[in-house]
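Everything below belongs to protein_30.pdb, which stores PDB, C-alpha atoms and all ligand atoms.
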ATOM      1  CA  MET A 894      -7.415  -4.268  17.517  1.00  0.00           C
ATOM      2  CA  GLU A 895      -8.486  -0.631  17.401  1.00  0.00           C
ATOM      3  CA  LYS A 896     -10.383   0.312  14.205  1.00  0.00           C
ATOM      4  CA  MET A 897      -8.664   2.730  11.856  1.00  0.00           C
ATOM      5  CA  ILE A 898     -10.359   5.719  10.293  1.00  0.00           C
ATOM      6  CA  VAL A 899      -8.925   7.887   7.555  1.00  0.00           C
ATOM      7  CA  ALA A 900     -10.876  11.161   7.485  1.00  0.00           C
ATOM      8  CA  ILE A 901     -11.014  12.962   4.145  1.00  0.00           C
ATOM      9  CA  ASP A 902     -12.561  16.414   3.994  1.00  0.00           C
ATOM     10  CA  GLY A 903     -12.606  19.182   1.420  1.00  0.00           C
ATOM     11  CA  PRO A 904     -14.901  21.235  -0.783  1.00  0.00           C
ATOM     12  CA  ALA A 905     -17.221  19.866  -3.480  1.00  0.00           C
ATOM     13  CA  GLY A 906     -15.314  18.826  -6.589  1.00  0.00           C
ATOM     14  CA  ALA A 907     -11.933  18.399  -4.898  1.00  0.00           C
ATOM     15  CA  GLY A 908     -12.110  14.740  -5.911  1.00  0.00           C
ATOM     16  CA  LYS A 909     -12.959  13.243  -2.507  1.00  0.00           C
ATOM     17  CA  SER A 910     -15.501  10.811  -3.824  1.00  0.00           C
ATOM     18  CA  SER A 911     -13.343   8.972  -6.386  1.00  0.00           C
ATOM     19  CA  VAL A 912     -10.232   9.245  -4.244  1.00  0.00           C
ATOM     20  CA  THR A 913     -11.981   7.800  -1.197  1.00  0.00           C
ATOM     21  CA  ARG A 914     -13.259   4.757  -3.053  1.00  0.00           C
ATOM     22  CA  LEU A 915      -9.937   3.966  -4.712  1.00  0.00           C
ATOM     23  CA  LEU A 916      -7.941   4.612  -1.564  1.00  0.00           C
ATOM     24  CA  ALA A 917     -10.225   2.375   0.508  1.00  0.00           C
ATOM     25  CA  ASP A 918      -9.780  -0.338  -2.087  1.00  0.00           C
ATOM     26  CA  ARG A 919      -5.977  -0.046  -1.978  1.00  0.00           C
ATOM     27  CA  LEU A 920      -5.919  -0.166   1.809  1.00  0.00           C
ATOM     28  CA  GLY A 921      -8.507  -2.934   2.162  1.00  0.00           C
ATOM     29  CA  PHE A 922     -10.728  -0.512   4.115  1.00  0.00           C
ATOM     30  CA  GLN A 923     -14.439   0.186   3.610  1.00  0.00           C
ATOM     31  CA  PHE A 924     -15.554   3.656   2.535  1.00  0.00           C
ATOM     32  CA  LEU A 925     -18.247   5.939   3.876  1.00  0.00           C
ATOM     33  CA  ASP A 926     -19.740   8.700   1.714  1.00  0.00           C
ATOM     34  CA  THR A 927     -21.299  10.957   4.353  1.00  0.00           C
ATOM     35  CA  GLY A 928     -22.588  13.454   1.768  1.00  0.00           C
ATOM     36  CA  ALA A 929     -24.891  10.648   0.571  1.00  0.00           C
ATOM     37  CA  MET A 930     -26.555  10.694   4.003  1.00  0.00           C
ATOM     38  CA  TYR A 931     -27.388  14.409   3.848  1.00  0.00           C
ATOM     39  CA  ARG A 932     -28.541  13.871   0.273  1.00  0.00           C
ATOM     40  CA  SER A 933     -30.805  10.983   1.345  1.00  0.00           C
ATOM     41  CA  VAL A 934     -32.563  13.100   3.978  1.00  0.00           C
ATOM     42  CA  THR A 935     -32.936  15.880   1.388  1.00  0.00           C
ATOM     43  CA  LEU A 936     -34.426  13.555  -1.226  1.00  0.00           C
ATOM     44  CA  VAL A 937     -37.030  12.207   1.179  1.00  0.00           C
ATOM     45  CA  ALA A 938     -37.858  15.746   2.394  1.00  0.00           C
ATOM     46  CA  ILE A 939     -38.409  16.863  -1.218  1.00  0.00           C
ATOM     47  CA  GLU A 940     -40.546  13.800  -1.970  1.00  0.00           C
ATOM     48  CA  GLN A 941     -42.658  14.455   1.122  1.00  0.00           C
ATOM     49  CA  GLU A 942     -42.881  18.166   0.227  1.00  0.00           C
ATOM     50  CA  ILE A 943     -41.456  19.138   3.615  1.00  0.00           C
ATOM     51  CA  ASP A 944     -40.465  22.758   4.212  1.00  0.00           C
ATOM     52  CA  LEU A 945     -36.660  22.553   4.161  1.00  0.00           C
ATOM     53  CA  LEU A 946     -36.494  25.173   6.908  1.00  0.00           C
ATOM     54  CA  ASP A 947     -38.562  22.999   9.243  1.00  0.00           C
ATOM     55  CA  GLU A 948     -35.780  21.458  11.318  1.00  0.00           C
ATOM     56  CA  THR A 949     -38.084  19.294  13.426  1.00  0.00           C
ATOM     57  CA  ALA A 950     -39.526  17.676  10.304  1.00  0.00           C
ATOM     58  CA  LEU A 951     -36.044  17.173   8.829  1.00  0.00           C
ATOM     59  CA  GLN A 952     -34.814  15.587  12.026  1.00  0.00           C
ATOM     60  CA  LYS A 953     -37.811  13.255  12.034  1.00  0.00           C
ATOM     61  CA  ILE A 954     -36.942  12.112   8.508  1.00  0.00           C
ATOM     62  CA  ALA A 955     -33.268  11.630   9.409  1.00  0.00           C
ATOM     63  CA  THR A 956     -34.095   9.445  12.381  1.00  0.00           C
ATOM     64  CA  GLU A 957     -36.868   7.462  10.693  1.00  0.00           C
ATOM     65  CA  ILE A 958     -35.425   6.566   7.312  1.00  0.00           C
ATOM     66  CA  GLU A 959     -33.141   3.590   6.866  1.00  0.00           C
ATOM     67  CA  ILE A 960     -30.046   4.400   4.815  1.00  0.00           C
ATOM     68  CA  VAL A 961     -28.103   1.353   3.695  1.00  0.00           C
ATOM     69  CA  PHE A 962     -24.830   1.415   1.759  1.00  0.00           C
ATOM     70  CA  ASP A 963     -24.356  -1.572  -0.488  1.00  0.00           C
ATOM     71  CA  GLY A 964     -21.045  -1.013  -2.280  1.00  0.00           C
ATOM     72  CA  GLU A 965     -21.675   1.904  -4.634  1.00  0.00           C
ATOM     73  CA  GLU A 966     -25.431   1.757  -4.096  1.00  0.00           C
ATOM     74  CA  VAL A 967     -27.440   3.772  -1.615  1.00  0.00           C
ATOM     75  CA  LEU A 968     -30.744   2.271  -0.489  1.00  0.00           C
ATOM     76  CA  ILE A 969     -33.305   4.427   1.295  1.00  0.00           C
ATOM     77  CA  ASN A 970     -35.946   2.327   3.030  1.00  0.00           C
ATOM     78  CA  GLY A 971     -34.969  -0.503   0.702  1.00  0.00           C
ATOM     79  CA  ASN A 972     -35.275   1.554  -2.516  1.00  0.00           C
ATOM     80  CA  ASN A 973     -32.233   2.042  -4.702  1.00  0.00           C
ATOM     81  CA  SER A 974     -31.747   5.824  -4.597  1.00  0.00           C
ATOM     82  CA  THR A 975     -28.159   6.015  -5.866  1.00  0.00           C
ATOM     83  CA  THR A 976     -29.017   8.191  -8.859  1.00  0.00           C
ATOM     84  CA  ALA A 977     -31.894  10.130  -7.321  1.00  0.00           C
ATOM     85  CA  ILE A 978     -29.760  11.551  -4.486  1.00  0.00           C
ATOM     86  CA  ARG A 979     -27.406  13.080  -7.068  1.00  0.00           C
ATOM     87  CA  GLU A 980     -30.083  14.792  -9.163  1.00  0.00           C
ATOM     88  CA  PRO A 981     -29.704  18.594  -9.459  1.00  0.00           C
ATOM     89  CA  ASN A 982     -32.813  19.296  -7.322  1.00  0.00           C
ATOM     90  CA  VAL A 983     -31.210  17.449  -4.394  1.00  0.00           C
ATOM     91  CA  THR A 984     -27.819  19.083  -4.979  1.00  0.00           C
ATOM     92  CA  ARG A 985     -29.457  22.517  -4.922  1.00  0.00           C
ATOM     93  CA  SER A 986     -31.332  21.877  -1.651  1.00  0.00           C
ATOM     94  CA  VAL A 987     -28.935  19.751   0.385  1.00  0.00           C
ATOM     95  CA  ALA A 988     -27.081  22.659   2.041  1.00  0.00           C
ATOM     96  CA  CYS A 989     -30.332  23.621   3.735  1.00  0.00           C
ATOM     97  CA  VAL A 990     -30.579  20.180   5.316  1.00  0.00           C
ATOM     98  CA  ALA A 991     -26.857  19.981   6.123  1.00  0.00           C
ATOM     99  CA  LYS A 992     -27.039  23.121   8.216  1.00  0.00           C
ATOM    100  CA  ALA A 993     -29.697  21.761  10.590  1.00  0.00           C
ATOM    101  CA  PRO A 994     -27.828  21.000  13.869  1.00  0.00           C
ATOM    102  CA  SER A 995     -30.120  18.166  15.001  1.00  0.00           C
ATOM    103  CA  VAL A 996     -29.859  16.430  11.611  1.00  0.00           C
ATOM    104  CA  ARG A 997     -26.073  16.731  11.744  1.00  0.00           C
ATOM    105  CA  SER A 998     -25.870  15.429  15.250  1.00  0.00           C
ATOM    106  CA  TYR A 999     -27.972  12.363  14.390  1.00  0.00           C
ATOM    107  CA  LEU A1000     -26.033  11.643  11.185  1.00  0.00           C
ATOM    108  CA  VAL A1001     -22.628  12.120  12.842  1.00  0.00           C
ATOM    109  CA  ASP A1002     -23.688   9.589  15.444  1.00  0.00           C
ATOM    110  CA  LEU A1003     -24.765   7.196  12.682  1.00  0.00           C
ATOM    111  CA  GLN A1004     -21.406   7.711  10.924  1.00  0.00           C
ATOM    112  CA  ARG A1005     -19.591   6.771  14.148  1.00  0.00           C
ATOM    113  CA  ARG A1006     -21.733   3.658  14.581  1.00  0.00           C
ATOM    114  CA  ILE A1007     -21.063   2.527  11.006  1.00  0.00           C
ATOM    115  CA  ALA A1008     -17.334   3.247  11.231  1.00  0.00           C
ATOM    116  CA  SER A1009     -17.019   1.314  14.488  1.00  0.00           C
ATOM    117  CA  GLN A1010     -17.657  -1.858  12.475  1.00  0.00           C
ATOM    118  CA  GLY A1011     -14.318  -1.884  10.647  1.00  0.00           C
ATOM    119  CA  ASP A1012     -11.490   0.113   9.113  1.00  0.00           C
ATOM    120  CA  PHE A1013     -12.933   2.991   7.090  1.00  0.00           C
ATOM    121  CA  VAL A1014     -12.044   5.864   4.793  1.00  0.00           C
ATOM    122  CA  CYS A1015     -14.735   8.454   5.563  1.00  0.00           C
ATOM    123  CA  GLU A1016     -15.319  11.475   3.358  1.00  0.00           C
ATOM    124  CA  GLY A1017     -17.282  14.646   3.968  1.00  0.00           C
ATOM    125  CA  ARG A1018     -16.782  18.136   5.352  1.00  0.00           C
ATOM    126  CA  ASP A1019     -16.472  17.501   9.100  1.00  0.00           C
ATOM    127  CA  GLN A1020     -14.924  14.069   9.340  1.00  0.00           C
ATOM    128  CA  GLY A1021     -11.615  15.201  10.784  1.00  0.00           C
ATOM    129  CA  THR A1022     -13.054  18.041  12.853  1.00  0.00           C
ATOM    130  CA  VAL A1023     -16.320  16.698  14.319  1.00  0.00           C
ATOM    131  CA  ALA A1024     -17.111  13.077  13.469  1.00  0.00           C
ATOM    132  CA  PHE A1025     -13.649  11.563  14.048  1.00  0.00           C
ATOM    133  CA  PRO A1026     -11.438  14.147  15.759  1.00  0.00           C
ATOM    134  CA  ASP A1027      -9.166  11.342  17.058  1.00  0.00           C
ATOM    135  CA  SER A1028      -8.640   9.831  13.624  1.00  0.00           C
ATOM    136  CA  PHE A1029      -4.998   8.807  13.122  1.00  0.00           C
ATOM    137  CA  CYS A1030      -4.903  10.228   9.594  1.00  0.00           C
ATOM    138  CA  LYS A1031      -6.727  13.313   8.355  1.00  0.00           C
ATOM    139  CA  ILE A1032      -6.546  14.632   4.821  1.00  0.00           C
ATOM    140  CA  PHE A1033      -7.888  17.926   3.490  1.00  0.00           C
ATOM    141  CA  LEU A1034      -8.206  17.738  -0.291  1.00  0.00           C
ATOM    142  CA  THR A1035      -8.281  21.012  -2.203  1.00  0.00           C
ATOM    143  CA  ALA A1036      -8.315  22.214  -5.807  1.00  0.00           C
ATOM    144  CA  SER A1037      -8.854  25.575  -7.465  1.00  0.00           C
ATOM    145  CA  PRO A1038     -12.511  26.580  -8.099  1.00  0.00           C
ATOM    146  CA  LYS A1039     -11.988  26.250 -11.854  1.00  0.00           C
ATOM    147  CA  ALA A1040     -10.461  22.754 -11.659  1.00  0.00           C
ATOM    148  CA  ARG A1041     -13.228  21.634  -9.327  1.00  0.00           C
ATOM    149  CA  ALA A1042     -15.926  22.976 -11.632  1.00  0.00           C
ATOM    150  CA  GLN A1043     -14.324  21.360 -14.676  1.00  0.00           C
ATOM    151  CA  ARG A1044     -14.322  18.004 -12.914  1.00  0.00           C
ATOM    152  CA  ARG A1045     -17.983  18.436 -12.006  1.00  0.00           C
ATOM    153  CA  VAL A1046     -18.900  19.246 -15.614  1.00  0.00           C
ATOM    154  CA  ALA A1047     -17.053  16.117 -16.812  1.00  0.00           C
ATOM    155  CA  GLN A1048     -18.737  13.995 -14.122  1.00  0.00           C
ATOM    156  CA  LEU A1049     -22.228  15.286 -14.931  1.00  0.00           C
ATOM    157  CA  SER A1050     -21.710  14.892 -18.644  1.00  0.00           C
ATOM    158  CA  LEU A1051     -20.645  11.260 -18.107  1.00  0.00           C
ATOM    159  CA  SER A1052     -23.869  10.642 -16.201  1.00  0.00           C
ATOM    160  CA  GLY A1053     -25.912  12.163 -19.042  1.00  0.00           C
ATOM    161  CA  GLN A1054     -26.570  15.545 -17.385  1.00  0.00           C
ATOM    162  CA  PRO A1055     -24.637  18.087 -19.526  1.00  0.00           C
ATOM    163  CA  VAL A1056     -24.257  21.483 -17.878  1.00  0.00           C
ATOM    164  CA  GLU A1057     -22.445  24.773 -18.607  1.00  0.00           C
ATOM    165  CA  LEU A1058     -19.177  25.458 -16.780  1.00  0.00           C
ATOM    166  CA  GLU A1059     -20.418  28.924 -15.771  1.00  0.00           C
ATOM    167  CA  VAL A1060     -23.502  27.442 -14.105  1.00  0.00           C
ATOM    168  CA  VAL A1061     -21.400  24.953 -12.161  1.00  0.00           C
ATOM    169  CA  ILE A1062     -18.989  27.700 -11.034  1.00  0.00           C
ATOM    170  CA  ARG A1063     -21.898  29.818  -9.808  1.00  0.00           C
ATOM    171  CA  ASP A1064     -23.560  26.938  -7.906  1.00  0.00           C
ATOM    172  CA  GLN A1065     -20.231  25.818  -6.499  1.00  0.00           C
ATOM    173  CA  LYS A1066     -19.484  29.270  -5.127  1.00  0.00           C
ATOM    174  CA  LEU A1067     -22.828  29.304  -3.386  1.00  0.00           C
ATOM    175  CA  ARG A1068     -22.335  25.804  -1.951  1.00  0.00           C
ATOM    176  CA  ASP A1069     -18.803  26.645  -0.744  1.00  0.00           C
ATOM    177  CA  GLN A1070     -20.168  29.674   1.008  1.00  0.00           C
ATOM    178  CA  GLN A1071     -23.015  27.690   2.608  1.00  0.00           C
ATOM    179  CA  ASP A1072     -20.689  24.827   3.612  1.00  0.00           C
ATOM    180  CA  SER A1073     -18.089  27.076   5.206  1.00  0.00           C
ATOM    181  CA  THR A1074     -20.338  29.501   7.032  1.00  0.00           C
ATOM    182  CA  ARG A1075     -22.912  27.272   8.737  1.00  0.00           C
ATOM    183  CA  LYS A1076     -22.810  27.177  12.531  1.00  0.00           C
ATOM    184  CA  VAL A1077     -22.121  23.458  12.990  1.00  0.00           C
ATOM    185  CA  GLY A1078     -19.845  21.030  11.154  1.00  0.00           C
ATOM    186  CA  ARG A1079     -18.717  23.647   8.715  1.00  0.00           C
ATOM    187  CA  LEU A1080     -16.126  22.907   6.076  1.00  0.00           C
ATOM    188  CA  MET A1081     -12.808  23.527   7.771  1.00  0.00           C
ATOM    189  CA  LYS A1082      -9.369  21.963   7.718  1.00  0.00           C
ATOM    190  CA  ALA A1083      -8.619  20.203  11.015  1.00  0.00           C
ATOM    191  CA  LYS A1084      -5.451  21.569  12.624  1.00  0.00           C
ATOM    192  CA  ASP A1085      -3.719  18.214  12.279  1.00  0.00           C
ATOM    193  CA  ALA A1086      -4.959  17.448   8.737  1.00  0.00           C
ATOM    194  CA  ILE A1087      -2.544  17.217   5.829  1.00  0.00           C
ATOM    195  CA  GLU A1088      -3.616  19.497   2.993  1.00  0.00           C
ATOM    196  CA  VAL A1089      -3.265  17.932  -0.449  1.00  0.00           C
ATOM    197  CA  PRO A1090      -3.805  20.293  -3.420  1.00  0.00           C
ATOM    198  CA  THR A1091      -4.894  18.195  -6.399  1.00  0.00           C
ATOM    199  CA  ASP A1092      -4.944  20.643  -9.340  1.00  0.00           C
ATOM    200  CA  ASP A1093      -1.838  19.290 -11.012  1.00  0.00           C
ATOM    201  CA  LEU A1094      -2.289  15.661 -10.081  1.00  0.00           C
ATOM    202  CA  SER A1095      -4.182  12.884 -11.817  1.00  0.00           C
ATOM    203  CA  LEU A1096      -6.594  10.740  -9.809  1.00  0.00           C
ATOM    204  CA  VAL A1097      -4.038   7.920  -9.753  1.00  0.00           C
ATOM    205  CA  GLN A1098      -1.353  10.293  -8.452  1.00  0.00           C
ATOM    206  CA  VAL A1099      -3.608  11.634  -5.689  1.00  0.00           C
ATOM    207  CA  VAL A1100      -4.520   8.124  -4.561  1.00  0.00           C
ATOM    208  CA  ALA A1101      -0.854   7.069  -4.604  1.00  0.00           C
ATOM    209  CA  ALA A1102       0.121  10.132  -2.544  1.00  0.00           C
ATOM    210  CA  LEU A1103      -2.600   9.467   0.032  1.00  0.00           C
ATOM    211  CA  GLU A1104      -1.813   5.779   0.208  1.00  0.00           C
ATOM    212  CA  GLY A1105       1.788   6.705   0.993  1.00  0.00           C
ATOM    213  CA  ILE A1106       0.652   9.067   3.770  1.00  0.00           C
ATOM    214  CA  VAL A1107      -1.718   6.521   5.315  1.00  0.00           C
ATOM    215  CA  ARG A1108       0.752   3.636   5.183  1.00  0.00           C
ATOM    216  CA  GLN A1109       3.384   5.809   6.853  1.00  0.00           C
ATOM    217  CA  ARG A1110       0.906   6.651   9.616  1.00  0.00           C
ATOM    218  CA  ILE A1111       0.047   2.969  10.076  1.00  0.00           C
ATOM    219  CA  GLU A1112       3.756   2.212  10.367  1.00  0.00           C
ATOM    220  CA  ASN A1113       4.198   5.000  12.952  1.00  0.00           C
ATOM    221  CA  LYS A1114       1.244   3.663  14.901  1.00  0.00           C
ATOM    222  CA  ARG A1115       2.749   0.159  14.934  1.00  0.00           C
ATOM    223  CA  GLU A1116       6.120   1.452  16.056  1.00  0.00           C
ATOM    224  CA  SER A1117       4.659   3.522  18.847  1.00  0.00           C
ATOM    225  CA  SER A1118       2.504   0.650  20.114  1.00  0.00           C
ATOM    226  CA  THR A1119       5.573  -1.644  20.069  1.00  0.00           C
ATOM    227  CA  VAL A1120       7.538   0.929  22.082  1.00  0.00           C
ATOM    228  CA  ASN A1121       4.636   1.279  24.507  1.00  0.00           C
ATOM    229  CA  GLY A1122       4.335  -2.523  24.743  1.00  0.00           C
ATOM    230  CA  GLN A1123       0.728  -2.556  23.486  1.00  0.00           C
TER     231      GLN A1123
HETATM  232  O1  LIG B1201     -20.090  15.667  -0.892  1.00  0.00           O
HETATM  233  P1  LIG B1201     -21.522  15.934  -1.379  1.00  0.00           P
HETATM  234  O2  LIG B1201     -21.609  16.916  -2.503  1.00  0.00           O
HETATM  235  O3  LIG B1201     -22.248  14.671  -1.697  1.00  0.00           O
HETATM  236  O4  LIG B1201     -22.244  16.593  -0.133  1.00  0.00           O
HETATM  237  C1  LIG B1201     -23.598  16.959  -0.194  1.00  0.00           C
HETATM  238  C2  LIG B1201     -23.861  18.093   0.773  1.00  0.00           C
HETATM  239  O5  LIG B1201     -23.777  17.629   2.105  1.00  0.00           O
HETATM  240  C3  LIG B1201     -22.953  19.312   0.660  1.00  0.00           C
HETATM  241  O6  LIG B1201     -23.762  20.490   0.711  1.00  0.00           O
HETATM  242  C4  LIG B1201     -22.119  19.272   1.889  1.00  0.00           C
HETATM  243  C5  LIG B1201     -22.929  18.465   2.858  1.00  0.00           C
HETATM  244  N1  LIG B1201     -22.101  17.625   3.699  1.00  0.00           N
HETATM  245  C6  LIG B1201     -21.906  18.016   4.978  1.00  0.00           C
HETATM  246  O7  LIG B1201     -22.380  19.080   5.376  1.00  0.00           O
HETATM  247  N2  LIG B1201     -21.191  17.238   5.835  1.00  0.00           N
HETATM  248  C7  LIG B1201     -20.653  16.086   5.410  1.00  0.00           C
HETATM  249  N3  LIG B1201     -19.958  15.342   6.271  1.00  0.00           N
HETATM  250  C8  LIG B1201     -20.849  15.668   4.083  1.00  0.00           C
HETATM  251  C9  LIG B1201     -21.561  16.473   3.237  1.00  0.00           C
END
Please express the file's structure as structure tokens.
Ligand code: DC
Amino acid sequence: MEKMIVAIDGPAGAGKSSVTRLLADRLGFQFLDTGAMYRSVTLVAIEQEIDLLDETALQKIATEIEIVFDGEEVLINGNNSTTAIREPNVTRSVACVAKAPSVRSYLVDLQRRIASQGDFVCEGRDQGTVAFPDSFCKIFLTASPKARAQRRVAQLSLSGQPVELEVVIRDQKLRDQQDSTRKVGRLMKAKDAIEVPTDDLSLVQVVAALEGIVRQRIENKRESSTVNGQ
């Protein structure tokens, strides 16, 4: 049976990460956090003191490191790097890596290979547009800049990294601009994606809404394959 992919895209702080994990759990799908891949390449580049504008060096790292997802954990070359890839120095530098076309092309290919192994909910910026344009269900999660920043502050404070709201808003604006203006894989709603604004919804409500959308799509798929005799 054909593998199913739910593609979830949207800006930083729209809630993709938590929503993706919970939704995957509800559907019995696996989840793929593609931002963690760009973060992994960035972390290794920083550790190796690579010039982040040196695309050839970044591509070499992307193709040579082994990134393994083990539930919530991210292992780079066997080392647990789950926390390190979310440190502020990586967050500040990752856009530079994510705009390198050859890094993107390698990682998109890796995402497709991973997702071919089962049913997946994949989150990122280009999942519905570039990585999985034929996905049967595409979601574009949005929230106002203030709501997104407030969520980020709460998230960082929970992980013991308190930060001012103003600082987060400033960094977020910069990241949004970098994510939506780069030449390849830029943050963009796919034409056939369903936009879900999350400002006035709790996490549980967002997950319930998305689960409803996905289950309806699965039902439609079943009906159309029955009609077509597949
Ligand atoms: O979702 P995140 O904050 O972990 O993403 C980290 C960075 O990677 C962010 O700058 C956007 C970029 N990214 C991307 O360009 N394409 C993806 N599919 C996922 C993330």
Let me see if you get this right: every residue at most 10 Å from ligand LIG 1201 (chain B), counting only C-alpha atoms and all ligand atoms, written as a PyMOL selection string.
chain A and resi 901-910+925-933+935+978-979+983-993+997+1000-1001+1004+1015-1024+1065+1067-1073+1075+1077-1080
Grab the CA of Lys1039 in chain A to CA of Lys1084 in chain A distance for me, in Å with one decimal place.
25.8 Å
Residue IDs satisfying the PyMOL selection byres (((chain A and resi 1103-1109) around 12) and not hetatm), as number ranges by chain:
A: 897-901, 909, 912-922, 1013-1014, 1028-1034, 1086-1091, 1094, 1096-1102, 1110-1116
Hey, what comes out of the PyMOL selection byres (((chain A and resi 976) around 12) and not hetatm) on this file? Could you write it as a PyMOL selection string?
chain A and resi 929+932-933+936+965-969+972-975+977-984+1049+1052-1054
Using CA of Lys1066 in chain A and CA of Asp1085 in chain A as the two end points, give the distance in Å to one decimal.
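According to the coordinates, CA of Lys1066 in chain A and CA of Asp1085 in chain A are separated by 26.0 Å.
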At what distance in Å, to one decimal, does CA of Leu946 in chain A lie from CA of Thr1074 in chain A?
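One can read the CA of Thr1074 in chain A to CA of Leu946 in chain A distance as 16.7 Å.
Of the listed residues A:Gln1048, A:Gln941, A:Gln1043, A:Gln952, the one whose atoms come nearest to Val1061 in chain A is A:Gln1043, with distances taken using all atoms listed in the file.
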The PyMOL selection byres (((chain A and resi 958) around 8) and not hetatm) - which residues does that actually catch in the file I just gave you? List them as a ChimeraX atom specification.
/A:934,954-957,959-960,969-970
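Distance check against Asp1027 in chain A using only C-alpha atoms: of A:Lys896, A:Leu1003, A:Glu1057, A:Thr1119, the minimum falls on A:Lys896.
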